[in-house]
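Visitor: What follows is work_32.pdb; its format and atoms are PDB, C-alpha atoms.
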ATOM      1  CA  MET Z 248     -15.000 -18.694 -33.535  1.00  0.00           C
ATOM      2  CA  SER Z 249     -15.193 -15.310 -35.166  1.00  0.00           C
ATOM      3  CA  LYS Z 250     -17.165 -14.840 -38.339  1.00  0.00           C
ATOM      4  CA  GLY Z 251     -15.813 -13.522 -41.607  1.00  0.00           C
ATOM      5  CA  HIS Z 252     -12.579 -13.699 -43.476  1.00  0.00           C
ATOM      6  CA  ARG Z 253      -9.300 -12.935 -41.702  1.00  0.00           C
ATOM      7  CA  SER Z 254      -8.797  -9.694 -43.667  1.00  0.00           C
ATOM      8  CA  GLN Z 255     -12.328  -8.548 -42.792  1.00  0.00           C
ATOM      9  CA  ILE Z 256     -11.718  -9.207 -39.103  1.00  0.00           C
ATOM     10  CA  LYS Z 257      -8.478  -7.207 -39.232  1.00  0.00           C
ATOM     11  CA  ARG Z 258     -10.203  -4.358 -41.084  1.00  0.00           C
ATOM     12  CA  GLU Z 259     -12.936  -4.149 -38.421  1.00  0.00           C
ATOM     13  CA  ARG Z 260     -10.391  -4.252 -35.607  1.00  0.00           C
ATOM     14  CA  ASN Z 261      -8.312  -1.465 -37.156  1.00  0.00           C
ATOM     15  CA  GLU Z 262     -11.357   0.798 -37.655  1.00  0.00           C
ATOM     16  CA  VAL Z 263     -11.586   1.346 -33.900  1.00  0.00           C
ATOM     17  CA  LYS Z 264      -9.060   4.179 -33.546  1.00  0.00           C
ATOM     18  CA  ASP Z 265      -8.037   5.748 -30.281  1.00  0.00           C
ATOM     19  CA  ASN Z 266      -8.111   9.529 -30.760  1.00  0.00           C
ATOM     20  CA  ARG Z 267      -6.381  10.334 -27.492  1.00  0.00           C
ATOM     21  CA  ALA Z 268      -2.914  11.870 -27.456  1.00  0.00           C
ATOM     22  CA  ARG Z 269      -0.250   9.690 -25.905  1.00  0.00           C
ATOM     23  CA  ALA Z 270       3.472   9.563 -25.285  1.00  0.00           C
ATOM     24  CA  LYS Z 271       5.577   6.647 -24.087  1.00  0.00           C
ATOM     25  CA  LEU Z 272       9.090   6.560 -22.693  1.00  0.00           C
ATOM     26  CA  SER Z 273      10.787   3.182 -22.776  1.00  0.00           C
ATOM     27  CA  TYR Z 274      13.733   2.142 -20.602  1.00  0.00           C
ATOM     28  CA  ALA Z 275      13.676   5.142 -18.258  1.00  0.00           C
ATOM     29  CA  ARG Z 276      16.485   4.848 -15.695  1.00  0.00           C
ATOM     30  CA  VAL Z 277      14.164   5.159 -12.707  1.00  0.00           C
ATOM     31  CA  SER Z 278      12.368   2.434 -10.784  1.00  0.00           C
ATOM     32  CA  VAL Z 279       8.629   1.886 -11.076  1.00  0.00           C
ATOM     33  CA  GLN Z 280       8.039   2.774  -7.434  1.00  0.00           C
ATOM     34  CA  LYS Z 281       9.849   6.111  -7.719  1.00  0.00           C
ATOM     35  CA  ALA Z 282       8.063   6.990 -10.958  1.00  0.00           C
ATOM     36  CA  CYS Z 283       4.659   6.126  -9.464  1.00  0.00           C
ATOM     37  CA  PHE Z 284       5.130   8.671  -6.644  1.00  0.00           C
ATOM     38  CA  VAL Z 285       5.220  11.429  -9.260  1.00  0.00           C
ATOM     39  CA  LEU Z 286       2.566   9.887 -11.531  1.00  0.00           C
ATOM     40  CA  ASP Z 287       0.085   9.608  -8.645  1.00  0.00           C
ATOM     41  CA  ALA Z 288       0.505  13.345  -7.979  1.00  0.00           C
ATOM     42  CA  ILE Z 289      -0.480  14.373 -11.532  1.00  0.00           C
ATOM     43  CA  ARG Z 290      -3.082  11.738 -12.462  1.00  0.00           C
ATOM     44  CA  GLY Z 291      -6.413  13.350 -13.440  1.00  0.00           C
ATOM     45  CA  LYS Z 292      -5.084  16.920 -13.326  1.00  0.00           C
ATOM     46  CA  ASP Z 293      -5.221  19.373 -16.181  1.00  0.00           C
ATOM     47  CA  VAL Z 294      -1.992  19.927 -18.117  1.00  0.00           C
ATOM     48  CA  LYS Z 295      -1.057  23.352 -16.702  1.00  0.00           C
ATOM     49  CA  THR Z 296      -1.481  22.168 -13.104  1.00  0.00           C
ATOM     50  CA  ALA Z 297       0.527  19.026 -13.828  1.00  0.00           C
ATOM     51  CA  LEU Z 298       3.383  21.031 -15.354  1.00  0.00           C
ATOM     52  CA  GLY Z 299       3.443  23.234 -12.251  1.00  0.00           C
ATOM     53  CA  ILE Z 300       3.575  20.211  -9.945  1.00  0.00           C
ATOM     54  CA  LEU Z 301       6.386  18.647 -11.980  1.00  0.00           C
ATOM     55  CA  ALA Z 302       8.397  21.884 -12.133  1.00  0.00           C
ATOM     56  CA  TYR Z 303       8.559  22.181  -8.331  1.00  0.00           C
ATOM     57  CA  SER Z 304       8.886  18.512  -7.425  1.00  0.00           C
ATOM     58  CA  PRO Z 305      12.395  17.667  -6.151  1.00  0.00           C
ATOM     59  CA  ARG Z 306      12.386  14.090  -7.479  1.00  0.00           C
ATOM     60  CA  TYR Z 307      14.505  12.970 -10.429  1.00  0.00           C
ATOM     61  CA  ALA Z 308      11.509  11.210 -12.003  1.00  0.00           C
ATOM     62  CA  SER Z 309       9.626  14.512 -12.219  1.00  0.00           C
ATOM     63  CA  ARG Z 310      12.156  15.902 -14.748  1.00  0.00           C
ATOM     64  CA  VAL Z 311      11.771  12.799 -16.915  1.00  0.00           C
ATOM     65  CA  ILE Z 312       7.962  12.869 -16.720  1.00  0.00           C
ATOM     66  CA  GLU Z 313       7.882  16.625 -17.415  1.00  0.00           C
ATOM     67  CA  LYS Z 314       9.665  16.082 -20.741  1.00  0.00           C
ATOM     68  CA  LEU Z 315       7.283  13.219 -21.522  1.00  0.00           C
ATOM     69  CA  LEU Z 316       4.243  15.387 -20.735  1.00  0.00           C
ATOM     70  CA  LYS Z 317       5.501  18.143 -23.049  1.00  0.00           C
ATOM     71  CA  SER Z 318       5.903  15.522 -25.770  1.00  0.00           C
ATOM     72  CA  ALA Z 319       2.323  14.315 -25.214  1.00  0.00           C
ATOM     73  CA  ILE Z 320       1.070  17.924 -25.456  1.00  0.00           C
ATOM     74  CA  ALA Z 321       2.901  18.320 -28.782  1.00  0.00           C
ATOM     75  CA  ASN Z 322       1.318  15.074 -29.997  1.00  0.00           C
ATOM     76  CA  ALA Z 323      -2.100  16.442 -29.000  1.00  0.00           C
ATOM     77  CA  GLU Z 324      -1.527  19.609 -31.014  1.00  0.00           C
ATOM     78  CA  VAL Z 325      -0.757  17.474 -34.073  1.00  0.00           C
ATOM     79  CA  LYS Z 326      -4.159  15.812 -33.568  1.00  0.00           C
ATOM     80  CA  ASN Z 327      -5.804  19.293 -33.485  1.00  0.00           C
ATOM     81  CA  MET Z 328      -6.702  19.128 -29.789  1.00  0.00           C
ATOM     82  CA  ASP Z 329      -6.975  22.329 -27.753  1.00  0.00           C
ATOM     83  CA  PRO Z 330      -4.028  22.503 -25.294  1.00  0.00           C
ATOM     84  CA  ASP Z 331      -6.110  24.473 -22.762  1.00  0.00           C
ATOM     85  CA  LYS Z 332      -8.697  21.681 -22.451  1.00  0.00           C
ATOM     86  CA  LEU Z 333      -6.260  18.788 -22.041  1.00  0.00           C
ATOM     87  CA  PHE Z 334      -6.033  16.687 -18.898  1.00  0.00           C
ATOM     88  CA  ILE Z 335      -4.102  13.557 -17.954  1.00  0.00           C
ATOM     89  CA  GLU Z 336      -6.516  10.673 -18.383  1.00  0.00           C
ATOM     90  CA  GLU Z 337      -4.077   7.803 -17.820  1.00  0.00           C
ATOM     91  CA  CYS Z 338      -0.523   7.619 -16.571  1.00  0.00           C
ATOM     92  CA  TYR Z 339       1.275   4.494 -15.482  1.00  0.00           C
ATOM     93  CA  ALA Z 340       4.710   2.902 -15.247  1.00  0.00           C
ATOM     94  CA  ASN Z 341       5.507  -0.703 -16.123  1.00  0.00           C
ATOM     95  CA  GLN Z 342       8.533  -2.767 -15.190  1.00  0.00           C
ATOM     96  CA  ALA Z 343      11.366  -2.834 -17.748  1.00  0.00           C
ATOM     97  CA  PRO Z 344      14.431  -5.107 -17.782  1.00  0.00           C
ATOM     98  CA  ILE Z 345      16.764  -4.874 -14.791  1.00  0.00           C
ATOM     99  CA  MET Z 346      20.455  -4.141 -15.311  1.00  0.00           C
ATOM    100  CA  LYS Z 347      22.381  -6.503 -13.059  1.00  0.00           C
ATOM    101  CA  ARG Z 348      25.826  -5.487 -11.843  1.00  0.00           C
ATOM    102  CA  ILE Z 349      28.320  -6.915  -9.343  1.00  0.00           C
ATOM    103  CA  GLN Z 350      29.939  -4.981  -6.475  1.00  0.00           C
ATOM    104  CA  PRO Z 351      33.084  -6.645  -5.054  1.00  0.00           C
ATOM    105  CA  ARG Z 352      33.007  -6.944  -1.269  1.00  0.00           C
ATOM    106  CA  ALA Z 353      35.334  -8.123   1.475  1.00  0.00           C
ATOM    107  CA  ARG Z 354      36.893 -11.627   1.548  1.00  0.00           C
ATOM    108  CA  GLY Z 355      36.209 -12.321  -2.115  1.00  0.00           C
ATOM    109  CA  THR Z 356      32.427 -12.087  -1.932  1.00  0.00           C
ATOM    110  CA  ALA Z 357      30.219 -10.080  -4.266  1.00  0.00           C
ATOM    111  CA  TYR Z 358      26.983  -8.146  -3.860  1.00  0.00           C
ATOM    112  CA  ARG Z 359      24.384  -7.796  -6.589  1.00  0.00           C
ATOM    113  CA  ILE Z 360      23.403  -4.293  -7.750  1.00  0.00           C
ATOM    114  CA  ASN Z 361      20.023  -4.116  -9.512  1.00  0.00           C
ATOM    115  CA  SER Z 362      19.531  -0.958 -11.577  1.00  0.00           C
ATOM    116  CA  ARG Z 363      15.812  -0.971 -12.254  1.00  0.00           C
ATOM    117  CA  MET Z 364      14.173   0.653 -15.259  1.00  0.00           C
ATOM    118  CA  CYS Z 365      10.571   1.307 -16.278  1.00  0.00           C
ATOM    119  CA  HIS Z 366       8.362   2.146 -19.241  1.00  0.00           C
ATOM    120  CA  ILE Z 367       6.263   5.290 -18.576  1.00  0.00           C
ATOM    121  CA  THR Z 368       3.058   6.010 -20.530  1.00  0.00           C
ATOM    122  CA  LEU Z 369       0.968   9.222 -20.510  1.00  0.00           C
ATOM    123  CA  VAL Z 370      -2.447   9.516 -22.180  1.00  0.00           C
ATOM    124  CA  LEU Z 371      -4.092  12.933 -22.605  1.00  0.00           C
ATOM    125  CA  ASN Z 372      -7.700  13.696 -23.493  1.00  0.00           C
ATOM    126  CA  GLU Z 373      -9.922  16.766 -23.825  1.00  0.00           C
ATOM    127  CA  ARG Z 374     -12.484  17.818 -21.263  1.00  0.00           C
TER     128      ARG Z 374
END
Any chance you could put this one into structure tokens?
Guide:
Amino acid sequence: MSKGHRSQIKRERNEVKDNRARAKLSYARVSVQKACFVLDAIRGKDVKTALGILAYSPRYASRVIEKLLKSAIANAEVKNMDPDKLFIEECYANQAPIMKRIQPRARGTAYRINSRMCHITLVLNER
């Protein structure tokens, strides 16, 4: 059992603020596996290097993640962080709902088409 009144417990929990810049994209129309190929390439890199990698990557997910990274950089500037010192501390993709569709096939049968989506999160911090 925790000690103190419920409002005091909530106040103490809310005092612990995360001062890192973050950006999240929900329901991206790319599968988790395809997004993770790009995220693994930029994890731990500084922002300028990551933008260069994303600009020359041929994958569709790299365009989506590039826009998300630029959004995270803008969020960092709002928090008065220096853009030259930023690096990607965390980046991950989680499974989102799957859009299920039907493809008609021969002799009255049907195949299932699963259009997978993901939630992508980027967290930036200063070195």
Visitor: Would you mind telling me which residue in Z:His252, Z:Arg276, Z:Glu262, Z:Leu371 lies nearest to Z:Glu337 when using only C-alpha atoms?
Guide: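 Going through Z:His252, Z:Arg276, Z:Glu262, Z:Leu371 one by one, the smallest distance to Z:Glu337 is for Z:Leu371.
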Visitor: Could you tell me how far atom CA of Z:Lys332 sits from atom CA of Z:Ala282, in Å to one decimal place?
Guide: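 Interatomic distance, atom CA of Z:Ala282 to atom CA of Z:Lys332: 25.1 Å.
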Visitor: What residues come out when you apply the PyMOL selection byres ((chain Z and resi 275) around 12) to this file, written as an MDAnalysis selection string?
Guide: chainID Z and resid 271:274 276:279 281:282 307:312 314:315 340:346 362:368
Visitor: For Z:Ala297, please output as a list of chain:residue names all residues within 10 Å (counting all atoms listed in the file; exclusion window: fewer than 3 positions along the same chain).
Guide: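 Here the qualifying residues turn out to be Z:Leu286, Z:Ala288, Z:Ile289, Z:Arg290, Z:Gly291, Z:Lys292, Z:Asp293, Z:Val294, Z:Ile300, Z:Leu301, Z:Ala302, Z:Glu313, Z:Leu316, Z:Phe334, Z:Ile335.
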Visitor: Show me, as number ranges by chain, the residues that have an atom within 9 Å of stretch 324-327 of chain Z when counting only C-alpha atoms, minus same-chain residues fewer than 2 positions from it.
Guide: Z: 266-268, 319-322, 329-330
Visitor: Separation of atom CA of Z:Thr296 and atom CA of Z:Gln280, in Å?
Guide: 22.3 Å
Visitor: For atom CA of Z:Lys257 and atom CA of Z:Arg269, quote the distance in Å rounded to one decimal.
Guide: 23.0 Å
Visitor: What do you get, as a PyMOL selection string, if you spell out every residue that the PyMOL selection byres ((chain Z and resi 360) around 8) selects here?
Guide: chain Z and resi 347-350+358-359+361-362
Visitor: Would you compute an axis-aligned box for stretch 312-327 of chain Z, covering every atom listed for it in the file with 8 Å of margin on each side, and report centre and edge lengths in Å to one decimal as AutoDock Vina command-line options?
Guide:
--center_x 1.9 --center_y 16.2 --center_z -25.4 --size_x 31.5 --size_y 22.7 --size_z 33.4
Visitor: How about completing stretch 323-344 of chain Z with N, CA and C atoms and giving it to me as a PDB file, in the frame of the given file?
Guide:
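Writing the result to selection-v2.pdb gives the following:
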ATOM      1  N   ALA Z 323      -0.699  16.030 -29.003  1.00  0.00           N
ATOM      2  CA  ALA Z 323      -2.100  16.442 -29.000  1.00  0.00           C
ATOM      3  C   ALA Z 323      -2.336  17.589 -29.976  1.00  0.00           C
ATOM      4  N   GLU Z 324      -1.378  18.501 -30.080  1.00  0.00           N
ATOM      5  CA  GLU Z 324      -1.527  19.609 -31.014  1.00  0.00           C
ATOM      6  C   GLU Z 324      -1.503  19.122 -32.461  1.00  0.00           C
ATOM      7  N   VAL Z 325      -0.761  18.058 -32.728  1.00  0.00           N
ATOM      8  CA  VAL Z 325      -0.757  17.474 -34.073  1.00  0.00           C
ATOM      9  C   VAL Z 325      -2.133  16.898 -34.398  1.00  0.00           C
ATOM     10  N   LYS Z 326      -2.817  16.373 -33.375  1.00  0.00           N
ATOM     11  CA  LYS Z 326      -4.159  15.812 -33.568  1.00  0.00           C
ATOM     12  C   LYS Z 326      -5.253  16.873 -33.469  1.00  0.00           C
ATOM     13  N   ASN Z 327      -4.874  18.148 -33.522  1.00  0.00           N
ATOM     14  CA  ASN Z 327      -5.804  19.293 -33.485  1.00  0.00           C
ATOM     15  C   ASN Z 327      -6.640  19.325 -32.211  1.00  0.00           C
ATOM     16  N   MET Z 328      -6.031  19.013 -31.086  1.00  0.00           N
ATOM     17  CA  MET Z 328      -6.702  19.128 -29.789  1.00  0.00           C
ATOM     18  C   MET Z 328      -6.311  20.463 -29.166  1.00  0.00           C
ATOM     19  N   ASP Z 329      -7.221  21.041 -28.398  1.00  0.00           N
ATOM     20  CA  ASP Z 329      -6.975  22.329 -27.753  1.00  0.00           C
ATOM     21  C   ASP Z 329      -6.115  22.120 -26.509  1.00  0.00           C
ATOM     22  N   PRO Z 330      -4.920  22.727 -26.445  1.00  0.00           N
ATOM     23  CA  PRO Z 330      -4.028  22.503 -25.294  1.00  0.00           C
ATOM     24  C   PRO Z 330      -4.604  22.987 -23.960  1.00  0.00           C
ATOM     25  N   ASP Z 331      -5.543  23.950 -24.001  1.00  0.00           N
ATOM     26  CA  ASP Z 331      -6.110  24.473 -22.762  1.00  0.00           C
ATOM     27  C   ASP Z 331      -7.126  23.517 -22.146  1.00  0.00           C
ATOM     28  N   LYS Z 332      -7.678  22.614 -22.946  1.00  0.00           N
ATOM     29  CA  LYS Z 332      -8.697  21.681 -22.451  1.00  0.00           C
ATOM     30  C   LYS Z 332      -8.145  20.307 -22.105  1.00  0.00           C
ATOM     31  N   LEU Z 333      -6.838  20.116 -22.250  1.00  0.00           N
ATOM     32  CA  LEU Z 333      -6.260  18.788 -22.041  1.00  0.00           C
ATOM     33  C   LEU Z 333      -6.126  18.455 -20.563  1.00  0.00           C
ATOM     34  N   PHE Z 334      -6.311  17.189 -20.240  1.00  0.00           N
ATOM     35  CA  PHE Z 334      -6.033  16.687 -18.898  1.00  0.00           C
ATOM     36  C   PHE Z 334      -5.412  15.302 -19.014  1.00  0.00           C
ATOM     37  N   ILE Z 335      -4.781  14.853 -17.959  1.00  0.00           N
ATOM     38  CA  ILE Z 335      -4.102  13.557 -17.954  1.00  0.00           C
ATOM     39  C   ILE Z 335      -5.121  12.487 -17.599  1.00  0.00           C
ATOM     40  N   GLU Z 336      -5.501  11.706 -18.595  1.00  0.00           N
ATOM     41  CA  GLU Z 336      -6.516  10.673 -18.383  1.00  0.00           C
ATOM     42  C   GLU Z 336      -5.900   9.405 -17.794  1.00  0.00           C
ATOM     43  N   GLU Z 337      -4.763   8.992 -18.326  1.00  0.00           N
ATOM     44  CA  GLU Z 337      -4.077   7.803 -17.820  1.00  0.00           C
ATOM     45  C   GLU Z 337      -2.601   8.115 -17.702  1.00  0.00           C
ATOM     46  N   CYS Z 338      -1.971   7.579 -16.681  1.00  0.00           N
ATOM     47  CA  CYS Z 338      -0.523   7.619 -16.571  1.00  0.00           C
ATOM     48  C   CYS Z 338      -0.095   6.442 -15.703  1.00  0.00           C
ATOM     49  N   TYR Z 339       0.837   5.678 -16.219  1.00  0.00           N
ATOM     50  CA  TYR Z 339       1.275   4.494 -15.482  1.00  0.00           C
ATOM     51  C   TYR Z 339       2.709   4.150 -15.866  1.00  0.00           C
ATOM     52  N   ALA Z 340       3.342   3.364 -15.021  1.00  0.00           N
ATOM     53  CA  ALA Z 340       4.710   2.902 -15.247  1.00  0.00           C
ATOM     54  C   ALA Z 340       4.727   1.383 -15.139  1.00  0.00           C
ATOM     55  N   ASN Z 341       5.366   0.752 -16.106  1.00  0.00           N
ATOM     56  CA  ASN Z 341       5.507  -0.703 -16.123  1.00  0.00           C
ATOM     57  C   ASN Z 341       6.969  -1.080 -15.953  1.00  0.00           C
ATOM     58  N   GLN Z 342       7.183  -2.273 -15.422  1.00  0.00           N
ATOM     59  CA  GLN Z 342       8.533  -2.767 -15.190  1.00  0.00           C
ATOM     60  C   GLN Z 342       9.252  -3.021 -16.508  1.00  0.00           C
ATOM     61  N   ALA Z 343      10.502  -2.588 -16.598  1.00  0.00           N
ATOM     62  CA  ALA Z 343      11.366  -2.834 -17.748  1.00  0.00           C
ATOM     63  C   ALA Z 343      12.474  -3.794 -17.299  1.00  0.00           C
ATOM     64  N   PRO Z 344      13.346  -4.207 -18.199  1.00  0.00           N
ATOM     65  CA  PRO Z 344      14.431  -5.107 -17.782  1.00  0.00           C
ATOM     66  C   PRO Z 344      15.318  -4.478 -16.710  1.00  0.00           C
TER      67      PRO Z 344
END
